[in-house]
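Okay, work.txt is below, compact mmCIF, C-alpha atoms:
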```txt
# COMPACT_ATOMS: atom_id res chain seq x y z
CA MET A 1 102.78 39.93 59.44
CA GLY A 2 102.56 41.48 62.87
CA PRO A 3 104.09 44.63 64.33
CA ASP A 4 107.34 42.75 65.06
CA ASP A 5 107.77 41.48 61.49
CA THR A 6 111.45 40.82 60.75
CA PHE A 7 111.45 42.94 57.61
CA ASP A 8 109.52 45.98 58.88
CA SER A 9 112.67 48.13 58.74
CA VAL A 10 113.06 47.60 54.99
CA ARG A 11 109.44 47.46 53.87
CA ALA A 12 109.34 51.05 52.53
CA ILE A 13 112.35 50.64 50.25
CA ALA A 14 111.28 47.11 49.26
CA ASP A 15 107.84 48.41 48.26
CA ALA A 16 109.48 51.14 46.18
CA ILE A 17 111.31 48.39 44.28
CA LEU A 18 108.18 46.25 44.02
CA TYR A 19 106.15 49.00 42.35
CA GLU A 20 108.94 50.68 40.35
CA GLY A 21 107.60 50.84 36.79
CA TYR A 22 104.16 49.58 37.85
CA LEU A 23 102.49 52.56 36.18
CA LEU A 24 104.39 55.48 34.71
CA TYR A 25 103.50 59.17 34.55
CA PRO A 26 101.03 60.39 33.26
CA TYR A 27 99.41 57.27 34.81
CA ARG A 28 96.90 56.90 31.98
CA ARG A 29 96.06 53.78 30.01
CA SER A 30 96.25 55.75 26.77
CA SER A 31 99.93 56.56 27.34
CA GLY A 32 102.07 54.35 25.10
CA LYS A 33 104.71 53.65 27.75
CA ASN A 34 102.05 52.20 30.07
CA ARG A 35 101.52 49.43 27.56
CA VAL A 36 105.12 48.30 28.15
CA ARG A 37 105.40 48.05 31.91
CA TRP A 38 107.33 45.90 34.44
CA GLN A 39 110.88 46.93 33.59
CA PHE A 40 112.82 45.26 36.42
CA GLY A 41 113.12 41.81 37.95
CA VAL A 42 110.86 40.06 35.43
CA LEU A 43 111.06 36.24 35.69
CA LEU A 44 109.33 34.94 32.57
CA PRO A 45 108.08 31.44 31.70
CA PRO A 46 111.20 29.43 30.78
CA ALA A 47 110.11 28.25 27.31
CA TRP A 48 109.13 31.80 26.32
CA ALA A 49 112.36 33.29 27.72
CA ARG A 50 114.70 30.72 26.14
CA ALA A 51 113.05 31.20 22.74
CA ARG A 52 114.19 34.83 22.91
CA GLY A 53 117.72 34.15 24.10
CA LEU A 54 116.99 35.06 27.72
CA THR A 55 119.09 32.34 29.34
CA GLY A 56 119.61 31.61 33.01
CA ALA A 57 122.57 33.97 33.00
CA GLY A 58 120.47 36.78 31.55
CA VAL A 59 121.40 38.93 28.58
CA ALA A 60 123.62 41.99 28.82
CA GLY A 61 121.43 45.04 29.24
CA SER A 62 118.32 42.95 29.88
CA ALA A 63 116.31 42.97 33.11
CA GLU A 64 114.41 39.83 32.11
CA SER A 65 115.15 36.12 32.39
CA TRP A 66 113.47 32.99 33.72
CA CYS A 67 115.62 32.81 36.86
CA GLN A 68 117.36 35.02 39.40
CA GLN A 69 120.26 34.18 41.72
CA THR A 70 121.49 35.89 44.86
CA GLU A 71 124.77 35.05 46.60
CA CYS A 72 125.76 36.89 49.75
CA LEU A 73 128.12 36.34 52.69
CA LEU A 74 127.13 35.63 56.28
CA GLU A 75 129.41 35.76 59.30
CA ALA A 76 128.23 32.89 61.46
CA ASP A 77 130.19 31.45 64.36
CA GLY A 78 128.10 28.40 65.06
CA GLU A 79 124.45 27.69 64.25
CA VAL A 80 122.34 30.71 63.24
CA THR A 81 118.93 31.14 61.66
CA VAL A 82 118.33 32.56 58.19
CA GLU A 83 114.97 33.96 57.04
CA LEU A 84 114.11 34.74 53.42
CA ARG A 85 111.13 36.40 51.83
CA ILE A 86 110.54 36.25 48.07
CA ARG A 87 108.35 39.12 46.84
CA PHE A 88 106.89 39.84 43.42
CA LEU A 89 103.84 41.22 41.62
CA HIS A 90 101.26 38.98 39.93
CA GLN A 91 99.60 40.55 36.91
CA GLN A 92 95.86 40.16 36.46
CA ARG A 93 93.38 41.30 33.84
CA ARG A 94 90.58 43.70 34.79
CA GLN A 95 87.80 43.47 32.22
CA VAL A 96 84.77 45.76 32.30
CA GLN A 97 81.53 44.07 31.22
CA ARG A 98 77.96 45.20 30.51
CA ARG A 99 74.76 43.24 29.84
CA ASP A 100 73.50 43.27 26.29
CA ALA A 101 69.84 43.30 25.22
CA ASP A 102 69.62 39.52 25.72
CA GLY A 103 70.97 39.73 29.27
CA ALA A 104 74.38 38.24 28.42
CA TRP A 105 77.57 39.82 29.76
CA GLN A 106 79.71 41.43 27.08
CA PRO A 107 83.23 42.87 27.45
CA VAL A 108 83.48 46.63 26.89
CA ASP A 109 86.37 49.05 26.86
CA SER A 110 84.92 51.38 29.49
CA LEU A 111 81.88 51.96 31.64
CA GLY A 112 80.62 54.98 33.52
CA ASP A 113 79.42 58.53 33.11
CA GLY A 114 80.16 61.80 34.84
CA PRO A 115 83.04 61.73 37.35
CA THR A 116 82.99 57.91 37.63
CA LEU A 117 84.72 55.88 34.94
CA GLU A 118 86.01 52.30 34.79
CA LEU A 119 88.47 51.10 32.15
CA SER A 120 89.57 47.61 31.17
CA PHE A 121 93.28 47.34 32.00
CA ASP A 122 95.91 45.09 33.59
CA GLU A 123 96.71 45.54 37.28
CA ALA A 124 98.89 43.56 39.69
CA VAL A 125 98.76 42.24 43.23
CA PRO A 126 101.73 41.57 45.54
CA ARG A 127 102.77 38.04 46.51
CA GLU A 128 105.12 36.96 49.30
CA PHE A 129 106.61 33.58 50.20
CA ASP A 130 108.77 32.92 53.27
CA LEU A 131 111.44 30.36 54.10
CA ARG A 132 113.26 29.86 57.40
CA ALA A 133 116.15 27.50 58.03
CA GLY A 134 119.22 27.01 60.19
CA THR A 135 122.70 27.17 58.73
CA ALA A 136 123.39 23.51 59.56
CA GLU A 137 120.42 22.52 57.40
CA LEU A 138 121.54 24.76 54.54
CA LEU A 139 125.09 23.42 54.70
CA ALA A 140 123.78 19.86 54.49
CA GLY A 141 122.02 20.50 51.17
CA GLU A 142 119.52 22.62 49.27
CA ARG A 143 116.30 23.65 50.95
CA ARG A 144 113.56 24.08 48.34
CA ILE A 145 110.07 25.51 48.42
CA THR A 146 107.46 25.66 45.69
CA VAL A 147 105.74 28.93 44.85
CA ASP A 148 102.28 27.97 43.66
CA VAL A 149 99.58 30.58 43.03
CA PRO A 150 96.47 29.11 41.39
CA ALA A 151 94.58 30.74 38.58
CA GLY A 152 91.48 32.57 39.69
CA GLU A 153 88.64 34.92 38.91
CA GLU A 154 86.61 37.38 40.94
CA ILE A 155 83.68 39.65 40.12
CA ARG A 156 83.27 43.22 41.32
CA PRO A 157 79.75 44.62 40.79
CA LEU A 158 79.30 48.09 39.27
CA ASP A 159 76.32 50.32 38.59
CA GLY A 160 75.24 49.24 35.13
CA GLY A 161 77.79 46.46 34.84
CA ARG A 162 80.61 44.58 36.49
CA ILE A 163 84.38 44.08 36.52
CA VAL A 164 85.76 40.58 36.03
CA VAL A 165 89.29 40.15 37.37
CA SER A 166 91.08 37.07 36.04
CA ARG A 167 94.60 35.79 36.65
CA SER A 168 96.74 32.96 35.36
CA ALA A 169 98.58 30.53 37.60
CA ILE A 170 102.10 31.26 38.84
CA ARG A 171 104.48 28.39 39.46
CA ALA A 172 108.06 28.90 40.61
CA SER A 173 110.67 27.33 42.86
CA VAL A 174 113.13 28.71 45.40
CA ALA A 175 116.34 26.86 46.26
CA VAL A 176 118.48 28.00 49.20
CA SER A 177 121.84 26.56 50.23
CA ALA A 178 125.07 27.49 52.00
CA THR A 179 128.77 26.67 51.62
CA ARG A 180 131.75 27.49 53.83
CA CYS A 181 134.31 30.02 52.64
CA ALA A 182 138.05 29.57 53.08
CA THR A 183 138.53 32.67 55.22
CA ALA A 184 140.26 33.47 58.50
CA SER A 185 136.94 34.11 60.24
CA PRO A 186 133.90 31.80 59.94
CA LEU A 187 132.05 32.86 56.79
CA LEU A 188 129.25 31.26 54.79
CA ARG A 189 128.18 31.93 51.22
CA LEU A 190 124.39 31.85 51.00
CA ARG A 191 122.77 31.13 47.66
CA CYS A 192 119.12 31.79 46.83
CA ARG A 193 117.94 30.87 43.36
CA VAL A 194 114.43 31.71 42.15
CA GLU A 195 113.17 30.05 38.94
CA ASN A 196 109.94 30.43 37.01
CA ASP A 197 108.72 26.85 36.52
CA ASP A 198 105.63 27.67 34.47
CA PRO A 199 104.91 24.61 32.29
CA ALA A 200 102.01 25.97 30.25
CA THR A 201 103.07 29.15 28.41
CA PRO A 202 104.28 28.22 24.90
CA ALA A 203 107.35 29.75 23.32
CA ASP A 204 105.26 31.56 20.70
CA ALA A 205 102.82 33.15 23.17
CA ALA A 206 102.19 36.89 23.04
CA ARG A 207 104.20 38.90 25.51
CA GLU A 208 101.08 40.02 27.38
CA ASP A 209 100.19 36.35 27.95
CA ALA A 210 103.73 35.53 29.12
CA LEU A 211 103.65 38.37 31.63
CA ARG A 212 100.53 36.95 33.27
CA ALA A 213 102.57 33.86 34.20
CA SER A 214 105.64 35.86 35.28
CA LEU A 215 107.07 37.00 38.59
CA LEU A 216 107.26 40.79 38.19
CA SER A 217 109.66 43.04 40.15
CA CYS A 218 110.95 39.91 41.89
CA HIS A 219 113.35 40.51 44.78
CA THR A 220 114.54 38.80 47.95
CA LEU A 221 114.74 39.92 51.56
CA LEU A 222 117.15 38.12 53.88
CA ALA A 223 117.52 38.30 57.66
CA THR A 224 119.64 36.48 60.19
CA ARG A 225 119.32 35.83 63.89
CA GLY A 226 122.72 35.38 65.44
CA GLY A 227 124.87 36.22 62.43
CA SER A 228 125.89 39.25 60.37
CA PHE A 229 125.84 39.87 56.63
CA VAL A 230 128.98 41.19 54.94
CA SER A 231 128.76 44.17 52.59
CA LEU A 232 129.61 43.14 49.03
CA LEU A 233 130.18 46.82 48.19
CA ASP A 234 132.59 47.60 51.03
CA PRO A 235 133.82 44.30 52.49
CA PRO A 236 136.60 43.88 55.06
CA GLU A 237 139.92 42.94 53.49
CA TRP A 238 139.81 39.39 54.83
CA ALA A 239 136.51 38.77 52.99
CA ALA A 240 137.44 40.44 49.67
CA ALA A 241 138.30 37.19 47.86
CA ALA A 242 135.05 35.58 49.01
CA VAL A 243 133.11 38.59 47.70
CA ARG A 244 134.71 38.19 44.27
CA ASP A 245 133.56 34.57 44.18
CA CYS A 246 129.89 35.52 44.69
CA VAL A 247 127.75 35.11 41.56
CA ASN A 248 124.66 37.30 41.39
CA THR A 249 122.36 37.05 38.37
CA GLY A 250 119.65 39.61 37.70
CA THR A 251 119.82 40.91 41.26
CA PHE A 252 122.37 42.18 43.79
CA PRO A 253 122.32 42.12 47.61
CA VAL A 254 123.04 45.15 49.80
CA LEU A 255 122.88 45.69 53.53
CA ALA A 256 119.50 47.08 54.53
CA GLY A 257 117.54 48.34 57.51
CA THR A 258 118.95 50.65 60.19
CA PRO A 259 122.25 52.26 59.09
CA GLY A 260 125.13 50.33 60.57
CA ALA A 261 123.09 47.17 61.19
CA ARG A 262 124.06 43.96 59.40
CA ASP A 263 121.20 41.60 60.23
CA VAL A 264 119.07 42.35 57.11
CA ALA A 265 119.93 42.33 53.40
CA LEU A 266 117.92 43.27 50.33
CA SER A 267 118.68 41.65 46.99
CA SER A 268 117.29 43.98 44.35
CA PRO A 269 116.99 43.97 40.54
CA ILE A 270 117.68 47.72 40.75
CA ILE A 271 121.19 48.95 41.62
CA LEU A 272 121.26 50.18 45.23
CA TYR A 273 123.82 51.15 47.86
CA ASP A 274 124.08 49.74 51.38
CA HIS A 275 121.27 50.76 53.74
CA PRO A 276 119.08 52.42 51.07
CA ARG A 277 116.00 54.30 52.18
CA VAL A 278 113.16 56.32 50.75
CA ALA A 279 113.60 60.07 51.22
CA PRO A 280 111.67 61.14 54.34
CA GLU A 281 110.20 64.07 52.40
CA SER A 282 108.46 61.73 49.96
CA PRO A 283 104.70 61.65 50.67
CA GLY A 284 104.09 58.38 48.81
CA ASP A 285 104.87 56.15 45.84
CA LEU A 286 104.97 57.62 42.34
CA HIS A 287 106.16 54.39 40.63
CA ASP A 288 108.28 56.30 38.10
CA ALA A 289 111.58 56.67 40.02
CA THR A 290 112.69 57.19 43.59
CA GLU A 291 114.30 60.63 43.51
CA ILE A 292 112.17 62.91 41.31
CA ASP A 293 109.09 63.37 43.48
CA GLU A 294 108.98 67.13 42.94
CA ILE A 295 108.88 67.16 39.15
CA LEU A 296 106.47 64.21 38.99
CA SER A 297 104.13 65.90 41.46
CA LEU A 298 104.27 69.21 39.58
CA ARG A 299 103.66 67.47 36.25
CA THR A 300 100.73 65.55 37.74
CA LEU A 301 99.20 68.83 38.92
CA THR A 302 99.24 70.08 35.31
CA LEU A 303 97.03 67.23 34.04
CA THR A 304 93.64 68.34 32.79
CA ASP A 305 90.48 67.21 34.55
CA ALA A 306 89.80 64.80 31.70
CA GLU A 307 93.30 63.33 31.97
CA LYS A 308 92.98 62.95 35.73
CA ARG A 309 89.63 61.22 35.26
CA GLU A 310 91.24 58.73 32.87
CA ALA A 311 94.17 58.16 35.25
CA ARG A 312 91.82 57.46 38.15
CA ALA A 313 89.96 54.96 35.98
CA THR A 314 93.17 53.29 34.79
CA ASP A 315 94.26 51.84 38.12
CA ALA A 316 93.48 52.20 41.83
CA ARG A 317 97.10 53.12 42.56
CA ALA A 318 97.00 55.81 39.89
CA ALA A 319 93.86 57.20 41.54
CA GLU A 320 95.72 57.33 44.88
CA ILE A 321 98.54 59.31 43.26
CA ILE A 322 96.19 61.82 41.63
CA ASP A 323 94.21 62.32 44.84
CA ARG A 324 97.34 62.66 46.97
CA VAL A 325 99.01 65.20 44.68
CA ASP A 326 95.79 67.21 44.27
CA SER A 327 95.42 67.51 48.05
CA MET A 328 99.11 68.05 48.86
CA PRO A 329 99.58 71.16 51.03
CA PRO A 330 102.12 73.75 49.86
CA ALA A 331 104.49 72.93 52.73
CA ALA A 332 104.67 69.28 51.69
CA LEU A 333 105.31 70.23 48.06
CA SER A 334 108.03 72.67 49.12
CA ARG A 335 109.85 69.90 51.02
CA LEU A 336 110.16 67.95 47.78
CA HIS A 337 112.40 70.64 46.29
CA GLY A 338 115.44 68.97 47.80
CA ALA A 339 117.49 68.43 50.90
CA VAL A 340 121.21 68.23 51.62
CA ARG A 341 121.86 64.84 53.25
CA SER A 342 125.54 65.25 54.00
CA ARG A 343 127.52 68.42 54.15
CA ARG A 344 130.31 69.91 56.17
CA ALA A 345 130.17 73.65 56.69
CA ALA A 346 133.36 75.70 56.51
CA ALA A 347 132.52 77.25 59.88
CA ALA A 348 133.51 73.93 61.44
CA VAL A 349 137.10 74.53 60.22
CA ASP A 350 137.05 78.35 60.45
CA GLY A 351 136.38 78.88 56.74
CA VAL A 352 138.33 78.10 53.59
CA THR A 353 141.21 80.02 52.10
CA VAL A 354 141.02 81.40 48.57
CA ALA A 355 144.06 83.22 47.16
CA GLY A 356 145.32 83.76 50.70
CA VAL A 357 142.01 85.23 51.92
CA GLU A 358 139.63 83.47 54.29
CA VAL A 359 136.18 83.02 52.77
CA SER A 360 133.10 82.01 54.77
CA ARG A 361 129.38 82.72 54.91
CA GLY A 362 128.77 86.41 54.27
CA SER A 363 131.96 86.94 52.22
CA ARG A 364 131.78 88.76 48.89
CA VAL A 365 133.42 87.24 45.81
CA ARG A 366 133.82 87.99 42.13
CA LEU A 367 132.70 85.12 39.92
CA ARG A 368 135.15 83.66 37.40
CA PRO A 369 133.52 80.46 36.06
CA ARG A 370 135.68 78.02 34.14
CA ARG A 371 135.50 78.03 30.35
CA SER A 372 134.75 74.30 30.19
CA GLY A 373 133.40 71.58 32.45
CA THR A 374 130.86 73.84 34.10
CA ASP A 375 127.25 74.95 33.67
CA PRO A 376 127.10 76.98 30.42
CA GLN A 377 124.65 79.38 32.09
CA ASP A 378 127.36 80.35 34.58
CA MET A 379 129.40 81.85 31.72
CA PHE A 380 127.00 84.81 31.69
CA LEU A 381 127.99 85.58 35.30
CA ASP A 382 131.67 86.11 34.56
CA GLY A 383 132.78 89.25 36.39
CA ARG A 384 129.59 89.59 38.47
CA THR A 385 129.83 89.71 42.24
CA GLY A 386 128.12 87.38 44.66
CA LEU A 387 127.46 86.82 48.34
CA VAL A 388 128.57 83.51 49.86
CA GLU A 389 125.59 81.84 51.53
CA ASP A 390 127.33 78.61 52.55
CA VAL A 391 130.53 76.65 52.11
CA LEU A 392 130.08 72.95 51.36
CA GLN A 393 132.24 69.92 50.81
CA ASP A 394 131.16 67.05 48.56
CA VAL A 395 131.88 63.34 48.84
CA ASP A 396 135.11 63.80 46.86
CA ASP A 397 136.30 66.38 49.44
CA THR A 398 135.97 69.22 46.92
CA TRP A 399 134.92 72.58 48.40
CA HIS A 400 132.06 74.54 46.84
CA LEU A 401 130.69 78.00 47.54
CA ALA A 402 126.91 78.44 47.50
CA VAL A 403 126.43 81.97 46.14
CA THR A 404 123.61 84.42 45.45
CA VAL A 405 124.38 86.93 42.71
CA GLU A 406 124.43 90.52 43.93
CA ASP A 407 122.05 92.93 42.18
CA ASP A 408 119.86 89.97 41.22
CA PRO A 409 116.23 91.07 41.81
CA GLY A 410 115.37 87.46 42.66
CA ALA A 411 118.16 87.02 45.23
CA ASP A 412 115.86 87.17 48.26
CA LEU A 413 113.47 84.64 46.72
CA ASN A 414 116.35 82.32 45.79
CA ARG A 415 117.71 82.62 49.32
CA TRP A 416 114.30 81.74 50.76
CA TYR A 417 114.04 78.66 48.50
CA GLY A 418 117.68 77.71 49.02
CA ARG A 419 118.41 77.97 45.30
CA TYR A 420 122.01 79.01 44.91
CA ARG A 421 124.74 79.06 42.27
CA TYR A 422 127.66 76.78 43.09
CA PHE A 423 131.31 77.49 42.33
CA THR A 424 134.55 75.77 43.23
CA LEU A 425 137.29 77.76 44.96
CA ASP A 426 139.23 78.32 41.72
CA GLU A 427 136.18 80.02 40.17
CA VAL A 428 136.01 82.99 42.55
CA GLU A 429 138.12 85.99 43.56
CA PRO A 430 137.72 87.22 47.17
CA LEU A 431 136.55 90.84 47.60
CA GLU A 432 136.74 93.21 50.52
CA ALA A 433 133.50 93.53 52.49
CA GLY A 434 131.35 96.39 51.15
```

Starting from the coordinates I provided, produce the structure as structure tokens.
Amino acid sequence: MGPDDTFDSVRAIADAILYEGYLLYPYRRSSGKNRVRWQFGVLLPPAWARARGLTGAGVAGSAESWCQQTECLLEADGEVTVELRIRFLHQQRRQVQRRDADGAWQPVDSLGDGPTLELSFDEAVPREFDLRAGTAELLAGERRITVDVPAGEEIRPLDGGRIVVSRSAIRASVAVSATRCATASPLLRLRCRVENDDPATPADAAREDALRASLLSCHTLLATRGGSFVSLLDPPEWAAAAVRDCVNTGTFPVLAGTPGARDVALSSPIILYDHPRVAPESPGDLHDATEIDEILSLRTLTLTDAEKREARATDARAAEIIDRVDSMPPAALSRLHGAVRSRRAAAAVDGVTVAGVEVSRGSRVRLRPRRSGTDPQDMFLDGRTGLVEDVLQDVDDTWHLAVTVEDDPGADLNRWYGRYRYFTLDEVEPLEAG
């Protein structure tokens, strides 16, 4: 992949999907939830999956199956090129070993003293497979590729021992095709079906063995040269019927890349909106969610030295998280507190009117929170006065007043942090200045 890689514009959000659930806070092997990882986009060996009722259509509420299907719509007036990239994680076993008195290598749970520690644990490596075809070829019939990753083993030397990394084989298939839609404008329905074809894992295998032959966090990137993808979330009226006919199993495609562009799509096992992106304030992956960087970073800072040592020994990515959070400057941590992405200030429309009085930034109001449907803590502010810091409008076109409570000794600090109380217009009474 060079600097002009087709999917560069979506790599950050695609990587967030790839490693979502890879290792959960507190990033330690001893944490129970880190023994049940890989929550999304898991394509299991077919015999193992079918034995547990995980059919090709999936099971309601389940993120696991043996196959995954994406159907999306492509506006194409004439021959255009379609590029696909299948991405997933491949689990591998990291086993620490030490020589015994006879010189033979023996598996051990851990190795190392002082600040350096190595633990036996499962890790994962990313895999990518590409396919490129013209629409004429896809209309003529299925284009198939085989995903074949051989089993392997590698040895990493250590002081006083070694790490043996072993992995099972991965075998899967990808089938891509296209059909014409009966629409006023030229429109194609693209289908990409990914199936785990593992022939070796028996139905009664342990889950940990099945995962080693699985495609984890599997998702698909699509790009077109000469055509345009249609949003399945907000399609034009003429394409609405074609959107309803799309069948997506275990994954769903959204427009991706630069906002407004329609040449790249991302089919994700996690629910997304069109043109998703990672928050620019985020300093790096935390693997536990995509919108709670602040609390995860703060919680990570509270780990003891012993807990951090274990986390660093659990996985290289966990070590990166611990080191990054430990060295995060205060300004970077402050940026994680939150940011308003879309707001319309009342100043743009000369304020809002409350009970016949214009209210804008700097206005004084008396607080009258509702008795129900509001923050219970706001009930204690009934009758208090506040200073309007901003007037905002949400996506439902509801107006809100951002207020600091007068006579609050922490008002200046809250103003500096941007931590306000929020009230709708029917929850305040305008007051005269002063």

Neighbouring residues of stretch 226-232 of chain A were defined as those with any atom within 8 Å, considering all atoms listed in the file; residues of the same chain fewer than 2 positions away were excluded. Please report them as an MDAnalysis selection string.
chainID A and resid 72:77 79:81 224 234:235 243 253:255 262:265 274

Show me, as an NGL selection string, the residues that have an atom within 10 Å of stretch 386-400 of chain A when counting only C-alpha atoms, minus same-chain residues fewer than 6 positions from it.
:A and (342-347 or 351-352 or 359-367 or 406-408 or 411 or 415 or 418 or 420-428 or 430-431 or 433)

Store the residues of this selection in a file with C-alpha atoms, as a PDB file, in the frame of the given file.
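The new file out-v1.pdb reads:
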```
ATOM      1  CA  SER A 342     125.540  65.250  54.000  1.00  0.00           C
ATOM      2  CA  ARG A 343     127.520  68.420  54.150  1.00  0.00           C
ATOM      3  CA  ARG A 344     130.310  69.910  56.170  1.00  0.00           C
ATOM      4  CA  ALA A 345     130.170  73.650  56.690  1.00  0.00           C
ATOM      5  CA  ALA A 346     133.360  75.700  56.510  1.00  0.00           C
ATOM      6  CA  ALA A 347     132.520  77.250  59.880  1.00  0.00           C
ATOM      7  CA  GLY A 351     136.380  78.880  56.740  1.00  0.00           C
ATOM      8  CA  VAL A 352     138.330  78.100  53.590  1.00  0.00           C
ATOM      9  CA  VAL A 359     136.180  83.020  52.770  1.00  0.00           C
ATOM     10  CA  SER A 360     133.100  82.010  54.770  1.00  0.00           C
ATOM     11  CA  ARG A 361     129.380  82.720  54.910  1.00  0.00           C
ATOM     12  CA  GLY A 362     128.770  86.410  54.270  1.00  0.00           C
ATOM     13  CA  SER A 363     131.960  86.940  52.220  1.00  0.00           C
ATOM     14  CA  ARG A 364     131.780  88.760  48.890  1.00  0.00           C
ATOM     15  CA  VAL A 365     133.420  87.240  45.810  1.00  0.00           C
ATOM     16  CA  ARG A 366     133.820  87.990  42.130  1.00  0.00           C
ATOM     17  CA  LEU A 367     132.700  85.120  39.920  1.00  0.00           C
ATOM     18  CA  GLU A 406     124.430  90.520  43.930  1.00  0.00           C
ATOM     19  CA  ASP A 407     122.050  92.930  42.180  1.00  0.00           C
ATOM     20  CA  ASP A 408     119.860  89.970  41.220  1.00  0.00           C
ATOM     21  CA  ALA A 411     118.160  87.020  45.230  1.00  0.00           C
ATOM     22  CA  ARG A 415     117.710  82.620  49.320  1.00  0.00           C
ATOM     23  CA  GLY A 418     117.680  77.710  49.020  1.00  0.00           C
ATOM     24  CA  TYR A 420     122.010  79.010  44.910  1.00  0.00           C
ATOM     25  CA  ARG A 421     124.740  79.060  42.270  1.00  0.00           C
ATOM     26  CA  TYR A 422     127.660  76.780  43.090  1.00  0.00           C
ATOM     27  CA  PHE A 423     131.310  77.490  42.330  1.00  0.00           C
ATOM     28  CA  THR A 424     134.550  75.770  43.230  1.00  0.00           C
ATOM     29  CA  LEU A 425     137.290  77.760  44.960  1.00  0.00           C
ATOM     30  CA  ASP A 426     139.230  78.320  41.720  1.00  0.00           C
ATOM     31  CA  GLU A 427     136.180  80.020  40.170  1.00  0.00           C
ATOM     32  CA  VAL A 428     136.010  82.990  42.550  1.00  0.00           C
ATOM     33  CA  PRO A 430     137.720  87.220  47.170  1.00  0.00           C
ATOM     34  CA  LEU A 431     136.550  90.840  47.600  1.00  0.00           C
ATOM     35  CA  ALA A 433     133.500  93.530  52.490  1.00  0.00           C
TER      36      ALA A 433
END
```

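A straight line drawn from atom CA of A:Val125 to atom CA of A:Ala205 is 22.4 Å long.
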
For the atom pair atom CA of A:Thr304 and atom CA of A:Pro107, what is the interatomic distance in Å to one decimal place?
28.0 Å

Applying 12 Å and only C-alpha atoms, which residues near A:Gly284 remain after dropping the ones on its own chain fewer than 5 positions away? List them as an mmCIF file with C-alpha atoms, keeping the file's coordinate frame.
```cif
data_model
loop_
_atom_site.group_PDB
_atom_site.id
_atom_site.type_symbol
_atom_site.label_atom_id
_atom_site.label_comp_id
_atom_site.auth_asym_id
_atom_site.auth_seq_id
_atom_site.Cartn_x
_atom_site.Cartn_y
_atom_site.Cartn_z
ATOM 1 C CA ALA A 12 109.340 51.050 52.530
ATOM 2 C CA ILE A 13 112.350 50.640 50.250
ATOM 3 C CA ASP A 15 107.840 48.410 48.260
ATOM 4 C CA ALA A 16 109.480 51.140 46.180
ATOM 5 C CA TYR A 19 106.150 49.000 42.350
ATOM 6 C CA VAL A 278 113.160 56.320 50.750
ATOM 7 C CA ALA A 279 113.600 60.070 51.220
ATOM 8 C CA ALA A 289 111.580 56.670 40.020
ATOM 9 C CA THR A 290 112.690 57.190 43.590
ATOM 10 C CA GLU A 291 114.300 60.630 43.510
ATOM 11 C CA ILE A 292 112.170 62.910 41.310
ATOM 12 C CA ASP A 293 109.090 63.370 43.480
ATOM 13 C CA GLU A 294 108.980 67.130 42.940
ATOM 14 C CA LEU A 296 106.470 64.210 38.990
ATOM 15 C CA SER A 297 104.130 65.900 41.460
ATOM 16 C CA ARG A 317 97.100 53.120 42.560
ATOM 17 C CA ALA A 318 97.000 55.810 39.890
ATOM 18 C CA GLU A 320 95.720 57.330 44.880
ATOM 19 C CA ILE A 321 98.540 59.310 43.260
ATOM 20 C CA ILE A 322 96.190 61.820 41.630
ATOM 21 C CA ASP A 323 94.210 62.320 44.840
ATOM 22 C CA ARG A 324 97.340 62.660 46.970
ATOM 23 C CA VAL A 325 99.010 65.200 44.680
ATOM 24 C CA MET A 328 99.110 68.050 48.860
ATOM 25 C CA ALA A 332 104.670 69.280 51.690
ATOM 26 C CA LEU A 333 105.310 70.230 48.060
ATOM 27 C CA LEU A 336 110.160 67.950 47.780
#
```

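Minimum atom-to-atom distances from A:Pro269, A:Gly383, A:Gly160, A:Gly103 to A:Leu18 were compared using all atoms listed in the file, and the lowest value belongs to A:Pro269.
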
Neighbouring residues of A:Gln97 were defined as those with any atom within 9 Å, considering all atoms listed in the file; residues of the same chain fewer than 3 positions away were excluded. Please report them as an NGL selection string.
:A and (105-111 or 120 or 161-164)

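When atom CA of A:Val82 is paired with atom CA of A:Leu131, their separation reads 8.3 Å.
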
Selected residue, from A:Ala311, A:Arg37, A:Gly410, A:Thr249, that lies nearest to A:Glu118 when counting all atoms listed in the file
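So, comparing all the options, the nearest one is A:Ala311.
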
Nearby residues, (112.1, 31.9, 39.9) file frame, 9 Å, only C-alpha atoms, as a PyMOL selection string
chain A and resi 43-44+66-69+147+171-174+193-197+214-215+218

Env of A:Phe121: 7 Å cut, atoms = all atoms listed in the file, seq-sep filter 2 positions within chain, self excluded. Answer as JSON, numbers by chain.
{"A": [93, 94, 95, 119, 123, 314]}

Residue among A:Ser30, A:Ser268, A:Thr201, A:Ser282 lying closest to A:Ala51, counting all atoms listed in the file
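Distance minimum relative to A:Ala51 lands on A:Thr201.
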
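Restricting the calculation to all atoms listed in the file, the smallest distance between A:Glu20 and any of A:Asn414, A:Thr6, A:Gln39, A:Thr404 is found for A:Gln39.
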
So, with all atoms listed in the file as the atoms that count, which of A:Ala241, A:Leu221, A:Ala101, A:Leu211 lies closest to A:Ile170?
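For A:Ile170, the nearest of the given residues is A:Leu211.
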
Option closest in space to A:Arg144, from A:Ala175, A:Val165, A:Ala223, A:Ala124 [counting all atoms listed in the file]:
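Of the candidates, the smallest distance to A:Arg144 is held by A:Ala175.
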